[in-house]
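Structure data (mmCIF, C-alpha atoms) from target.cif:
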```
data_query
#
loop_
_atom_site.label_atom_id
_atom_site.label_comp_id
_atom_site.auth_asym_id
_atom_site.auth_seq_id
_atom_site.Cartn_x
_atom_site.Cartn_y
_atom_site.Cartn_z
CA MET A 1 98.32 84.87 104.49
CA GLN A 2 101.64 86.63 104.98
CA PRO A 3 103.13 86.36 108.44
CA CYS A 4 102.72 89.31 110.75
CA ARG A 5 104.55 90.39 113.84
CA LEU A 6 104.36 93.11 116.47
CA ALA A 7 107.22 93.67 118.88
CA ALA A 8 107.90 96.31 121.51
CA TYR A 9 111.28 96.88 123.09
CA ASP A 10 111.74 98.55 126.46
CA LEU A 11 108.95 101.08 125.97
CA ALA A 12 108.50 104.00 128.31
CA CYS A 13 105.93 106.75 128.08
CA ARG A 14 105.95 110.19 129.56
CA ARG A 15 102.92 112.49 129.64
CA GLY A 16 103.80 115.98 130.80
CA ASP A 17 106.19 115.62 133.72
CA ARG A 18 104.96 112.20 134.70
CA LEU A 19 106.48 108.89 133.66
CA LEU A 20 103.52 106.55 133.15
CA PHE A 21 105.33 103.26 132.63
CA LYS A 22 108.69 101.90 131.65
CA GLY A 23 110.38 98.71 130.57
CA ILE A 24 107.53 97.27 128.52
CA GLY A 25 108.62 94.67 126.01
CA PHE A 26 106.82 91.87 124.19
CA GLU A 27 106.73 90.08 120.89
CA LEU A 28 103.58 88.79 119.21
CA THR A 29 103.36 86.66 116.11
CA GLY A 30 100.42 85.47 114.02
CA GLY A 31 97.51 84.11 116.04
CA GLU A 32 98.60 85.59 119.36
CA ALA A 33 96.65 88.02 121.51
CA LEU A 34 97.79 90.31 124.30
CA HIS A 35 95.59 91.80 126.99
CA LEU A 36 96.81 95.13 128.40
CA ALA A 37 95.45 95.31 131.92
CA GLY A 38 95.54 97.94 134.60
CA PRO A 39 93.38 100.54 136.31
CA ASN A 40 92.23 103.81 134.70
CA GLY A 41 94.93 106.33 133.96
CA ILE A 42 97.82 103.90 134.06
CA GLY A 43 98.63 104.43 130.40
CA LYS A 44 96.81 101.69 128.48
CA SER A 45 95.56 104.08 125.83
CA SER A 46 98.94 105.83 125.61
CA LEU A 47 100.65 102.47 125.09
CA MET A 48 98.08 101.67 122.42
CA ARG A 49 98.84 104.93 120.61
CA ILE A 50 102.57 104.26 120.85
CA LEU A 51 102.04 100.81 119.31
CA ALA A 52 99.96 102.46 116.58
CA GLY A 53 102.76 104.92 115.87
CA LEU A 54 100.61 107.91 116.79
CA LEU A 55 102.52 108.80 119.92
CA ARG A 56 106.28 108.94 120.32
CA ALA A 57 107.66 106.66 122.99
CA TYR A 58 109.82 108.35 125.62
CA ASN A 59 112.13 105.37 125.33
CA GLY A 60 112.26 102.15 123.32
CA HIS A 61 110.77 101.34 119.97
CA VAL A 62 108.09 99.31 118.21
CA GLU A 63 108.49 97.04 115.20
CA HIS A 64 105.65 95.70 113.13
CA GLU A 65 105.18 93.65 109.99
CA GLY A 66 101.69 93.80 108.58
CA ALA A 67 99.16 96.61 108.51
CA LEU A 68 97.84 98.08 111.75
CA ALA A 69 94.24 98.93 112.54
CA LEU A 70 93.13 100.82 115.62
CA SER A 71 89.75 101.09 117.27
CA ASP A 72 89.57 103.57 120.11
CA GLU A 73 86.88 105.76 121.64
CA ARG A 74 86.59 107.84 118.46
CA PRO A 75 84.84 105.94 115.68
CA ALA A 76 85.93 108.27 112.81
CA LEU A 77 82.51 108.06 111.19
CA ASP A 78 80.80 111.21 109.91
CA PRO A 79 78.01 111.95 112.40
CA HIS A 80 75.56 113.30 109.82
CA GLN A 81 75.96 110.44 107.34
CA PRO A 82 73.92 107.25 107.31
CA LEU A 83 75.99 104.45 108.78
CA GLY A 84 76.13 102.62 105.45
CA GLU A 85 77.78 105.58 103.68
CA ALA A 86 80.10 106.34 106.58
CA LEU A 87 81.35 102.75 106.47
CA ALA A 88 81.50 102.80 102.67
CA PHE A 89 83.94 105.74 102.88
CA TRP A 90 86.41 103.63 104.84
CA ARG A 91 85.80 100.60 102.64
CA LYS A 92 86.89 102.73 99.67
CA VAL A 93 89.91 104.10 101.52
CA ASP A 94 90.89 100.58 102.57
CA ARG A 95 89.79 98.97 99.30
CA ALA A 96 88.26 96.30 101.50
CA GLY A 97 85.32 93.96 101.13
CA GLU A 98 82.13 93.63 103.13
CA ALA A 99 82.69 92.12 106.55
CA ARG A 100 80.12 93.54 108.87
CA ALA A 101 77.72 90.59 109.05
CA ASP A 102 78.95 89.67 112.50
CA PHE A 103 77.96 92.94 114.11
CA GLY A 104 74.23 93.13 113.39
CA LEU A 105 74.39 96.44 111.54
CA GLU A 106 72.12 95.57 108.59
CA ASP A 107 69.10 97.32 110.08
CA LEU A 108 71.11 100.41 111.00
CA LEU A 109 72.69 101.23 107.63
CA ASP A 110 70.12 103.99 106.89
CA VAL A 111 70.43 105.59 110.33
CA PRO A 112 72.66 108.68 110.63
CA VAL A 113 75.66 107.93 112.83
CA ARG A 114 74.72 110.65 115.34
CA TYR A 115 71.50 108.78 116.25
CA LEU A 116 73.33 105.55 117.06
CA SER A 117 73.81 104.49 120.66
CA THR A 118 77.27 104.11 122.18
CA GLY A 119 77.15 100.35 121.73
CA GLN A 120 75.97 100.58 118.13
CA ARG A 121 78.76 103.04 117.33
CA LYS A 122 81.26 100.69 118.92
CA ARG A 123 79.97 97.84 116.78
CA ALA A 124 80.28 100.02 113.70
CA ALA A 125 83.87 100.91 114.59
CA LEU A 126 84.68 97.23 115.11
CA ALA A 127 83.03 96.35 111.80
CA ARG A 128 85.20 98.96 110.06
CA LEU A 129 88.30 97.54 111.72
CA ALA A 130 87.34 94.00 110.76
CA ALA A 131 86.69 95.05 107.15
CA SER A 132 89.99 96.94 106.83
CA GLY A 133 91.92 93.75 106.19
CA ALA A 134 94.69 94.82 108.56
CA ARG A 135 96.66 91.97 110.14
CA ILE A 136 97.30 93.63 113.49
CA TRP A 137 94.31 94.81 115.51
CA LEU A 138 94.82 97.35 118.26
CA LEU A 139 91.64 97.48 120.31
CA ASP A 140 91.27 100.10 123.00
CA GLU A 141 88.37 99.10 125.26
CA PRO A 142 86.55 97.14 122.53
CA LEU A 143 83.84 95.95 124.92
CA ASN A 144 82.86 99.38 126.25
CA GLY A 145 79.16 99.97 125.73
CA LEU A 146 78.55 96.49 124.32
CA ASP A 147 75.96 94.24 125.98
CA THR A 148 76.69 90.60 126.83
CA HIS A 149 75.55 89.34 123.44
CA TRP A 150 77.58 91.74 121.32
CA GLY A 151 80.49 91.54 123.74
CA ALA A 152 80.64 87.82 123.03
CA SER A 153 80.30 88.46 119.28
CA ALA A 154 83.17 90.95 119.36
CA GLN A 155 85.35 88.39 121.12
CA ALA A 156 84.29 85.77 118.60
CA ALA A 157 85.40 88.14 115.82
CA ILE A 158 88.77 88.54 117.55
CA GLU A 159 89.11 84.75 117.77
CA ALA A 160 88.24 84.40 114.09
CA HIS A 161 90.86 87.01 113.24
CA ARG A 162 93.46 85.10 115.25
CA ALA A 163 92.44 81.83 113.65
CA LEU A 164 93.38 83.40 110.30
CA GLY A 165 96.81 84.27 111.67
CA GLY A 166 96.14 87.83 112.83
CA ILE A 167 97.39 89.56 115.95
CA ALA A 168 95.20 91.34 118.51
CA VAL A 169 96.26 93.68 121.29
CA ILE A 170 93.36 94.48 123.60
CA ALA A 171 93.34 97.13 126.29
CA SER A 172 90.42 96.45 128.57
CA HIS A 173 89.48 96.61 132.20
CA GLN A 174 86.85 93.94 131.61
CA PRO A 175 87.65 90.23 131.78
CA LEU A 176 88.13 88.65 128.36
CA GLN A 177 87.17 85.14 127.36
CA LEU A 178 89.83 84.46 124.78
CA ARG A 179 91.86 81.30 124.50
CA LYS A 180 95.59 81.40 125.23
CA LEU A 181 95.49 85.05 126.06
CA ARG A 182 98.69 86.65 127.26
CA THR A 183 98.27 89.39 129.83
CA LEU A 184 100.50 92.37 130.38
CA SER A 185 99.74 94.21 133.59
CA LEU A 186 100.89 97.79 133.44
CA LEU A 187 100.98 97.84 137.23
CA GLU A 188 104.16 95.78 137.02
CA HIS A 189 105.83 98.44 134.91
CA LEU A 190 105.35 101.49 137.06
CA PRO A 191 108.48 103.64 137.18
CA MET B 1 96.40 107.57 95.38
CA LYS B 2 92.91 106.14 95.18
CA ALA B 3 92.49 106.63 98.91
CA LEU B 4 93.48 110.29 98.56
CA TRP B 5 90.90 110.74 95.81
CA THR B 6 88.21 109.26 98.08
CA ILE B 7 89.28 111.60 100.87
CA PHE B 8 89.26 114.60 98.53
CA ARG B 9 85.75 113.80 97.35
CA ARG B 10 84.57 113.67 100.95
CA ASP B 11 86.33 116.98 101.76
CA LEU B 12 84.78 118.70 98.79
CA THR B 13 81.28 117.43 99.51
CA LEU B 14 81.51 118.50 103.14
CA LEU B 15 82.91 121.93 102.35
CA LEU B 16 80.64 122.69 99.42
CA LEU B 17 77.36 121.29 100.66
CA GLY B 18 78.07 121.46 104.35
CA ALA B 19 76.61 119.25 107.04
CA PRO B 20 74.95 119.92 110.37
CA GLY B 21 77.55 121.97 112.23
CA ARG B 22 79.70 122.51 109.16
CA GLY B 23 77.97 125.31 107.24
CA GLY B 24 78.94 124.78 103.62
CA ALA B 25 80.01 127.15 100.87
CA LEU B 26 76.93 129.36 101.01
CA LEU B 27 77.75 131.12 104.25
CA PRO B 28 81.10 132.72 103.23
CA LEU B 29 79.53 133.68 99.91
CA LEU B 30 76.57 135.45 101.51
CA PHE B 31 78.94 137.10 103.96
CA PHE B 32 81.08 138.38 101.08
CA LEU B 33 78.03 139.83 99.32
CA ALA B 34 76.67 141.30 102.55
CA VAL B 35 79.85 143.31 103.10
CA ALA B 36 79.72 144.67 99.55
CA MET B 37 76.08 145.57 100.09
CA LEU B 38 76.57 147.23 103.48
CA TYR B 39 79.54 149.37 102.48
CA PRO B 40 77.58 151.84 100.28
CA PHE B 41 75.09 152.26 103.11
CA ALA B 42 77.90 153.13 105.47
CA VAL B 43 79.83 155.61 103.33
CA GLY B 44 76.96 157.03 101.30
CA PRO B 45 76.12 156.70 97.61
CA ASP B 46 79.00 158.81 96.31
CA ALA B 47 79.82 157.03 93.03
CA LYS B 48 83.38 158.36 92.79
CA LEU B 49 84.27 157.43 96.36
CA LEU B 50 82.78 153.97 95.89
CA ALA B 51 84.67 153.39 92.66
CA ARG B 52 87.93 154.50 94.27
CA THR B 53 87.61 152.42 97.47
CA GLY B 54 85.35 149.59 96.31
CA ALA B 55 88.10 147.23 95.16
CA GLY B 56 89.77 147.45 98.56
CA VAL B 57 86.45 146.58 100.19
CA ILE B 58 86.15 143.51 97.97
CA TRP B 59 89.55 142.35 99.18
CA VAL B 60 88.71 142.91 102.85
CA ALA B 61 85.44 141.04 102.33
CA ALA B 62 87.26 138.16 100.63
CA LEU B 63 89.74 137.91 103.50
CA LEU B 64 86.98 137.86 106.10
CA ALA B 65 84.98 135.34 104.09
CA ALA B 66 88.04 133.09 104.03
CA ILE B 67 88.31 133.23 107.81
CA LEU B 68 84.65 132.40 108.39
CA PRO B 69 84.86 128.61 107.82
CA LEU B 70 88.17 128.16 109.70
CA ASP B 71 86.77 126.29 112.70
CA ARG B 72 85.26 123.53 110.57
CA LEU B 73 88.20 122.96 108.22
CA VAL B 74 90.18 120.59 110.44
CA GLU B 75 88.70 120.49 113.92
CA PRO B 76 85.71 118.15 113.33
CA ASP B 77 87.89 115.53 111.60
CA LEU B 78 90.56 115.72 114.26
CA GLU B 79 87.93 115.39 116.97
CA ALA B 80 86.31 112.36 115.30
CA GLY B 81 89.63 110.56 114.86
CA PHE B 82 89.88 110.76 111.07
CA PHE B 83 93.44 112.05 111.06
CA ASP B 84 94.60 109.21 113.34
CA GLN B 85 92.95 106.63 111.11
CA TRP B 86 94.58 108.11 108.00
CA ALA B 87 97.97 108.15 109.70
CA LEU B 88 97.57 104.48 110.63
CA ARG B 89 97.00 103.66 106.99
CA GLY B 90 100.22 105.42 106.07
CA ILE B 91 98.45 108.30 104.32
CA ALA B 92 100.67 111.35 104.84
CA GLU B 93 99.10 114.34 106.56
CA GLU B 94 100.78 116.58 104.00
CA GLY B 95 98.83 114.98 101.17
CA VAL B 96 95.53 115.10 103.04
CA LEU B 97 96.02 118.75 103.92
CA LEU B 98 97.11 119.79 100.43
CA LEU B 99 93.88 118.30 99.13
CA ARG B 100 91.97 120.05 101.88
CA ILE B 101 93.47 123.38 100.75
CA LEU B 102 92.28 122.60 97.24
CA ALA B 103 88.80 121.65 98.47
CA HIS B 104 88.63 124.77 100.65
CA TRP B 105 89.68 126.93 97.71
CA LEU B 106 87.07 125.35 95.44
CA SER B 107 84.38 125.93 98.04
CA PHE B 108 85.18 129.56 98.88
CA GLY B 109 87.59 131.03 96.29
CA VAL B 110 85.68 130.02 93.21
CA PRO B 111 82.26 131.13 94.56
CA LEU B 112 83.81 134.49 95.48
CA MET B 113 85.09 134.90 91.93
CA LEU B 114 81.60 134.13 90.66
CA ALA B 115 80.09 136.64 93.07
CA ALA B 116 82.65 139.38 92.37
CA PRO B 117 80.75 140.88 89.39
CA LEU B 118 77.75 141.36 91.65
CA SER B 119 79.88 143.03 94.31
CA ALA B 120 81.52 145.16 91.62
CA GLY B 121 78.08 146.36 90.56
CA LEU B 122 77.17 147.26 94.12
CA LEU B 123 80.43 149.16 94.53
CA ASN B 124 80.33 150.89 91.14
CA LEU B 125 83.56 149.38 89.78
CA ASP B 126 84.14 149.62 86.03
CA GLY B 127 84.93 146.71 83.73
CA GLY B 128 88.69 147.14 83.88
CA GLN B 129 88.72 147.17 87.66
CA LEU B 130 86.47 144.12 87.80
CA TRP B 131 88.85 142.26 85.50
CA THR B 132 91.79 143.13 87.78
CA VAL B 133 89.77 142.04 90.83
CA GLU B 134 88.94 138.71 89.18
CA VAL B 135 92.56 138.02 88.22
CA GLY B 136 93.64 139.11 91.69
CA LEU B 137 91.13 136.78 93.36
CA LEU B 138 92.26 133.92 91.12
CA LEU B 139 95.86 134.49 92.21
CA GLY B 140 95.22 135.41 95.82
CA THR B 141 92.47 133.11 97.08
CA PRO B 142 94.66 129.95 96.87
CA GLY B 143 97.03 131.69 99.27
CA LEU B 144 94.14 132.60 101.56
CA ALA B 145 92.98 128.97 101.47
CA ALA B 146 96.49 127.76 102.34
CA ILE B 147 96.76 130.16 105.27
CA GLY B 148 93.26 129.19 106.40
CA VAL B 149 93.99 125.45 106.49
CA THR B 150 97.33 126.01 108.28
CA ILE B 151 95.72 128.13 110.97
CA ALA B 152 92.80 125.72 111.27
CA ALA B 153 95.26 122.86 111.85
CA LEU B 154 97.21 124.92 114.39
CA THR B 155 94.18 125.91 116.43
CA ALA B 156 92.18 122.66 116.13
CA GLY B 157 91.54 121.20 119.54
CA LEU B 158 92.18 124.44 121.38
CA ARG B 159 89.45 126.02 123.41
CA ALA B 160 88.28 129.23 121.70
CA GLY B 161 90.25 128.00 118.68
CA ALA B 162 87.85 129.66 116.26
CA ALA B 163 88.35 133.18 117.60
CA LEU B 164 92.08 132.64 117.98
CA GLY B 165 92.25 131.29 114.44
CA GLY B 166 90.77 134.46 113.03
CA LEU B 167 93.23 136.58 114.93
CA LEU B 168 96.20 134.49 113.79
CA ALA B 169 95.13 134.36 110.15
CA ILE B 170 94.68 138.09 109.68
CA PRO B 171 98.34 139.15 110.03
CA LEU B 172 99.46 136.30 107.76
CA ALA B 173 96.96 137.38 105.13
CA VAL B 174 98.04 141.03 105.17
CA PRO B 175 100.55 140.68 102.30
CA LEU B 176 97.84 139.15 100.10
CA LEU B 177 95.51 142.00 101.00
CA ILE B 178 98.12 144.68 100.30
CA PHE B 179 99.16 143.29 96.93
CA GLY B 180 95.60 142.37 95.96
CA ALA B 181 94.13 145.77 96.72
CA GLY B 182 97.32 147.52 95.56
CA SER B 183 97.05 145.97 92.10
CA LEU B 184 93.98 148.14 91.58
CA GLN B 185 95.73 151.43 92.20
CA PRO B 186 96.91 153.36 89.14
CA GLY B 187 100.28 151.91 88.14
CA GLY B 188 99.79 148.93 90.45
CA GLU B 189 100.07 146.20 87.83
CA GLY B 190 103.13 144.75 89.55
CA GLY B 191 100.87 144.04 92.52
CA LEU B 192 99.45 141.01 90.74
CA LEU B 193 102.90 139.46 90.37
CA LEU B 194 103.68 140.05 94.04
CA LEU B 195 100.25 138.66 94.90
CA ALA B 196 100.98 135.50 92.93
CA ALA B 197 104.38 135.23 94.63
CA SER B 198 102.89 135.56 98.14
CA SER B 199 100.20 133.08 97.27
CA LEU B 200 102.76 130.55 96.00
CA ALA B 201 104.89 130.99 99.10
CA ALA B 202 101.87 130.35 101.35
CA LEU B 203 100.89 127.31 99.26
CA ALA B 204 104.40 125.87 99.40
CA ILE B 205 104.68 126.13 103.18
CA ALA B 206 101.10 125.39 104.23
CA PRO B 207 100.81 121.58 103.81
CA PHE B 208 104.02 120.99 105.79
CA ALA B 209 103.21 123.52 108.51
CA ALA B 210 99.67 122.20 108.89
CA ALA B 211 100.85 118.56 108.94
CA GLY B 212 103.45 119.47 111.56
CA ALA B 213 100.71 121.08 113.64
CA ILE B 214 98.51 117.97 113.45
CA ARG B 215 101.41 115.70 114.47
CA ALA B 216 102.46 118.00 117.29
CA GLY B 217 98.85 118.01 118.51
CA ARG B 218 99.02 114.24 119.11
CA GLU B 219 101.71 114.56 121.78
#
```

Rewrite the structure from the file as structure tokens, please.
Amino acid sequence: MQPCRLAAYDLACRRGDRLLFKGIGFELTGGEALHLAGPNGIGKSSLMRILAGLLRAYNGHVEHEGALALSDERPALDPHQPLGEALAFWRKVDRAGEARADFGLEDLLDVPVRYLSTGQRKRAALARLAASGARIWLLDEPLNGLDTHWGASAQAAIEAHRALGGIAVIASHQPLQLRKLRTLSLLEHLP
Amino acid sequence: MKALWTIFRRDLTLLLLGAPGRGGALLPLLFFLAVAMLYPFAVGPDAKLLARTGAGVIWVAALLAAILPLDRLVEPDLEAGFFDQWALRGIAEEGVLLLRILAHWLSFGVPLMLAAPLSAGLLNLDGGQLWTVEVGLLLGTPGLAAIGVTIAALTAGLRAGAALGGLLAIPLAVPLLIFGAGSLQPGGEGGLLLLAASSLAALAIAPFAAAGAIRAGRE
């Protein structure tokens, strides 16, 4: 496995006229995980999108080595398609293998995505992320809508990813049971 | 490249066959034929008048048929997060949108060309005029598709984006309409060249303008 790295330098984010946070910096290397903590509206999702390169930072910059994968509240699966085909689309785009065994989706592959529950959709999005083969996982509220069992499975998948030398950044307001988890509280970076 | 091909196949399937909430290629086609059918009812069955004005009606119908699917060209994919996921994988928006223009053209321009003989019959156009209409549609509909995708990208995510999209697309499509319909006037052969030129200009600008709109929408 090639080494991977994700580093942020002095990030600040402005939405409209409001400065959400400033002075955020960290460096993650293979196997490390970072928990972005803070109450609603503090800018966890914005920071996630800056790390993903989808949003321009007001200040600072992000460096990454290794492919990024993002899972947020939008699963990017065609609602009318059976789950199996919707996932197959991304497998073809990513040229990735099968890696959805951990998320209990076998019985749902024939079900159109629009009939899936919130938790099932979340599991599908996580399965797509896990199958993408990306080294850096950006997870925005990965446990939302998941019950205790699948919440634990999702965290087990994150641990397995780290064990293979991957990086995970997790924005969540729920407590996480991950070993050697670094925490970045956005409350400490208010302007 | 392979990823783009996969994306193009998905675009084409969605635009041709449609999906719940996405319509498909049939709707613009039926709309196009309906206009050609209604026009003789409105102006009366005067064969000479129909033959003289019919080609212009075909062009207006084609323009309106191109506007019809605007709200499902970009909006559903933006809403579902597809564009973000493609961007993360380093797939340029320009490439995705160029392919979407192609898919949109295949799903509305080509069916219109196939339906044009039927419209020509309803409007009493002769063979020569039909031929000019077909060549004109071949040259002009790619430009209409390019304008359509650009406007769809610009208005995606806005409230009342569909209605606004129609209003924004019409003025941009006016040159295509003028040159397309003008090519059918006596001595209007140069119209086809100008039509091709306008179409090329729209095609050259559209992927970049639409990609810029998608990126700006993320801020």

*Mind giving me the straight-line distance from CA of Ala145 in chain B to CA of Ala197 in chain B in Å, one decimal?*
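About the pair CA of Ala145 in chain B and CA of Ala197 in chain B: they are 14.7 Å apart.
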
*For Thr118 in chain A, list every protein, DNA or RNA residue within 12 Å, evaluated using all atoms listed in the file, and leave out those in the same chain fewer than 5 positions away; present the list as a list in words.*
Glu73, Arg74, Pro75, Val113, Arg123, Ala124, Ala125, Pro142, Leu143, Asn144, Gly145, Leu146 and Asp147 of chain A

Could you write out the selected residues, including C-alpha atoms, as a PDB file, keeping the file's coordinate frame?
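Wrote selection-v4.pdb, looks like this:
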```
ATOM      1  CA  GLU A  73      86.880 105.760 121.640  1.00  0.00           C
ATOM      2  CA  ARG A  74      86.590 107.840 118.460  1.00  0.00           C
ATOM      3  CA  PRO A  75      84.840 105.940 115.680  1.00  0.00           C
ATOM      4  CA  VAL A 113      75.660 107.930 112.830  1.00  0.00           C
ATOM      5  CA  ARG A 123      79.970  97.840 116.780  1.00  0.00           C
ATOM      6  CA  ALA A 124      80.280 100.020 113.700  1.00  0.00           C
ATOM      7  CA  ALA A 125      83.870 100.910 114.590  1.00  0.00           C
ATOM      8  CA  PRO A 142      86.550  97.140 122.530  1.00  0.00           C
ATOM      9  CA  LEU A 143      83.840  95.950 124.920  1.00  0.00           C
ATOM     10  CA  ASN A 144      82.860  99.380 126.250  1.00  0.00           C
ATOM     11  CA  GLY A 145      79.160  99.970 125.730  1.00  0.00           C
ATOM     12  CA  LEU A 146      78.550  96.490 124.320  1.00  0.00           C
ATOM     13  CA  ASP A 147      75.960  94.240 125.980  1.00  0.00           C
TER      14      ASP A 147
END
```

*Skip Lys92 in chain A itself and residues of its chain fewer than 3 positions away, then list as a list in words all residues within 9 Å of it, counting all atoms listed in the file.*
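Answer for this query is Leu87, Ala88, Phe89, Arg95 and Ala96 of chain A; Lys2, Ala3 and Thr6 of chain B.
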
*Find the distance between CA of Asp72 in chain A and CA of Gly23 in chain B and write it in Å to one decimal.*
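Value for the CA of Asp72 in chain A-CA of Gly23 in chain B distance: 27.8 Å.
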
_Show me, as a PyMOL selection string, the residues of chain A whose atoms get within 9 Å of chain B, using all atoms listed in the file for the distance check._
chain A and resi 15+52-56+67-81+89-90+92-95

*Expand the PyMOL selection byres ((chain B and resi 130) around 12) into the individual residues it matches in the shown file, reporting them as a count of residues only.*
33

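Each of B:Met37, B:His104, B:Gly140, B:Leu16 was compared to Ala62 in chain B using only C-alpha atoms, and B:Gly140 turns out to be the nearest.
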
*Please measure the separation of CA of Ile170 in chain A and CA of Ala211 in chain B, giving the value in Å to one decimal.*
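One can read the CA of Ile170 in chain A to CA of Ala211 in chain B distance as 29.2 Å.
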
*Which protein, DNA or RNA residues are at most 9 Å from (109.7, 92.2, 130.1) in the file's coordinates when you count all atoms listed in the file, listed as an NGL selection string?*
:A and (9-10 or 23-26 or 189)

*asked:* (86.0, 127.2, 95.2) in this file's frame - what residues fall within 12 Å of it? Use all atoms listed in the file and give the answer as number ranges by chain.
replied: B: 12-13, 15-17, 24-26, 28-29, 66, 100-115, 137-138, 141-142, 144-145

*Given all atoms listed in the file as the counted atoms, nearest of A:Asp107, A:Glu85, A:Glu27, A:Glu32 to Glu63 in chain A*: A:Glu27

Can you tell me which residues surround Ala157 in chain A at a distance of at most 12 Å, considering only C-alpha atoms, apart from same-chain residues fewer than 2 positions away, and format the answer as a short mmCIF file (atom, residue, chain, number, x, y, z; two decimals) with C-alpha atoms, in the frame of the given file?
```
data_model
loop_
_atom_site.label_atom_id
_atom_site.label_comp_id
_atom_site.auth_asym_id
_atom_site.auth_seq_id
_atom_site.Cartn_x
_atom_site.Cartn_y
_atom_site.Cartn_z
CA ALA A 99 82.69 92.12 106.55
CA ARG A 100 80.12 93.54 108.87
CA ALA A 101 77.72 90.59 109.05
CA ASP A 102 78.95 89.67 112.50
CA PHE A 103 77.96 92.94 114.11
CA ARG A 123 79.97 97.84 116.78
CA LEU A 126 84.68 97.23 115.11
CA ALA A 127 83.03 96.35 111.80
CA LEU A 129 88.30 97.54 111.72
CA ALA A 130 87.34 94.00 110.76
CA ALA A 131 86.69 95.05 107.15
CA TRP A 137 94.31 94.81 115.51
CA PRO A 142 86.55 97.14 122.53
CA TRP A 150 77.58 91.74 121.32
CA GLY A 151 80.49 91.54 123.74
CA ALA A 152 80.64 87.82 123.03
CA SER A 153 80.30 88.46 119.28
CA ALA A 154 83.17 90.95 119.36
CA GLN A 155 85.35 88.39 121.12
CA GLU A 159 89.11 84.75 117.77
CA ALA A 160 88.24 84.40 114.09
CA HIS A 161 90.86 87.01 113.24
CA ARG A 162 93.46 85.10 115.25
CA ALA A 163 92.44 81.83 113.65
CA LEU A 164 93.38 83.40 110.30
CA GLY A 166 96.14 87.83 112.83
CA ALA A 168 95.20 91.34 118.51
CA LEU A 178 89.83 84.46 124.78
#
```

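Among the candidate residues A:Ala86, A:Thr148, A:Leu20, A:Arg114, the one lying nearest to Asn40 in chain A is A:Leu20, with distances computed using only C-alpha atoms.
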
_Need to verify the contact set: Leu70 in chain B, 9 Å, all atoms listed in the file, exclusion of same-chain residues closer than 6 positions in sequence. Can you return it as a list in words?_
Gly148, Val149, Ile151, Ala152, Ala162, Gly165 and Gly166 of chain B

Kindly save the residues from that selection, with C-alpha atoms included, as a PDB file, keeping the file's coordinate frame.
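Wrote it out as out_21.pdb, contents follow:
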```pdb
ATOM      1  CA  GLY B 148      93.260 129.190 106.400  1.00  0.00           C
ATOM      2  CA  VAL B 149      93.990 125.450 106.490  1.00  0.00           C
ATOM      3  CA  ILE B 151      95.720 128.130 110.970  1.00  0.00           C
ATOM      4  CA  ALA B 152      92.800 125.720 111.270  1.00  0.00           C
ATOM      5  CA  ALA B 162      87.850 129.660 116.260  1.00  0.00           C
ATOM      6  CA  GLY B 165      92.250 131.290 114.440  1.00  0.00           C
ATOM      7  CA  GLY B 166      90.770 134.460 113.030  1.00  0.00           C
TER       8      GLY B 166
END
```

*Which is closest to Leu97 in chain B among B:Thr150, B:Thr155, B:Gln185, B:Ser199, if we use all atoms listed in the file?*
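The answer is B:Thr150, which sits nearest to Leu97 in chain B.
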
Write range 50-59 of chain B as a PDB file, keeping the file's coordinate frame, completed to N, CA and C atoms.
```pdb
ATOM      1  N   LEU B  50      82.983 155.413  95.947  1.00  0.00           N
ATOM      2  CA  LEU B  50      82.780 153.970  95.890  1.00  0.00           C
ATOM      3  C   LEU B  50      83.729 153.336  94.881  1.00  0.00           C
ATOM      4  N   ALA B  51      83.827 153.955  93.716  1.00  0.00           N
ATOM      5  CA  ALA B  51      84.670 153.390  92.660  1.00  0.00           C
ATOM      6  C   ALA B  51      86.134 153.378  93.098  1.00  0.00           C
ATOM      7  N   ARG B  52      86.522 154.430  93.867  1.00  0.00           N
ATOM      8  CA  ARG B  52      87.930 154.500  94.270  1.00  0.00           C
ATOM      9  C   ARG B  52      88.254 153.497  95.376  1.00  0.00           C
ATOM     10  N   THR B  53      87.324 153.264  96.306  1.00  0.00           N
ATOM     11  CA  THR B  53      87.610 152.420  97.470  1.00  0.00           C
ATOM     12  C   THR B  53      87.011 151.023  97.348  1.00  0.00           C
ATOM     13  N   GLY B  54      86.116 150.844  96.380  1.00  0.00           N
ATOM     14  CA  GLY B  54      85.350 149.590  96.310  1.00  0.00           C
ATOM     15  C   GLY B  54      86.214 148.351  96.200  1.00  0.00           C
ATOM     16  N   ALA B  55      87.275 148.419  95.367  1.00  0.00           N
ATOM     17  CA  ALA B  55      88.100 147.230  95.160  1.00  0.00           C
ATOM     18  C   ALA B  55      88.763 146.792  96.463  1.00  0.00           C
ATOM     19  N   GLY B  56      89.182 147.774  97.257  1.00  0.00           N
ATOM     20  CA  GLY B  56      89.770 147.450  98.560  1.00  0.00           C
ATOM     21  C   GLY B  56      88.759 146.742  99.443  1.00  0.00           C
ATOM     22  N   VAL B  57      87.503 147.201  99.378  1.00  0.00           N
ATOM     23  CA  VAL B  57      86.450 146.580 100.190  1.00  0.00           C
ATOM     24  C   VAL B  57      86.246 145.126  99.762  1.00  0.00           C
ATOM     25  N   ILE B  58      86.296 144.893  98.440  1.00  0.00           N
ATOM     26  CA  ILE B  58      86.150 143.510  97.970  1.00  0.00           C
ATOM     27  C   ILE B  58      87.237 142.626  98.564  1.00  0.00           C
ATOM     28  N   TRP B  59      88.458 143.148  98.636  1.00  0.00           N
ATOM     29  CA  TRP B  59      89.550 142.350  99.180  1.00  0.00           C
ATOM     30  C   TRP B  59      89.393 142.088 100.675  1.00  0.00           C
TER      31      TRP B  59
END
```
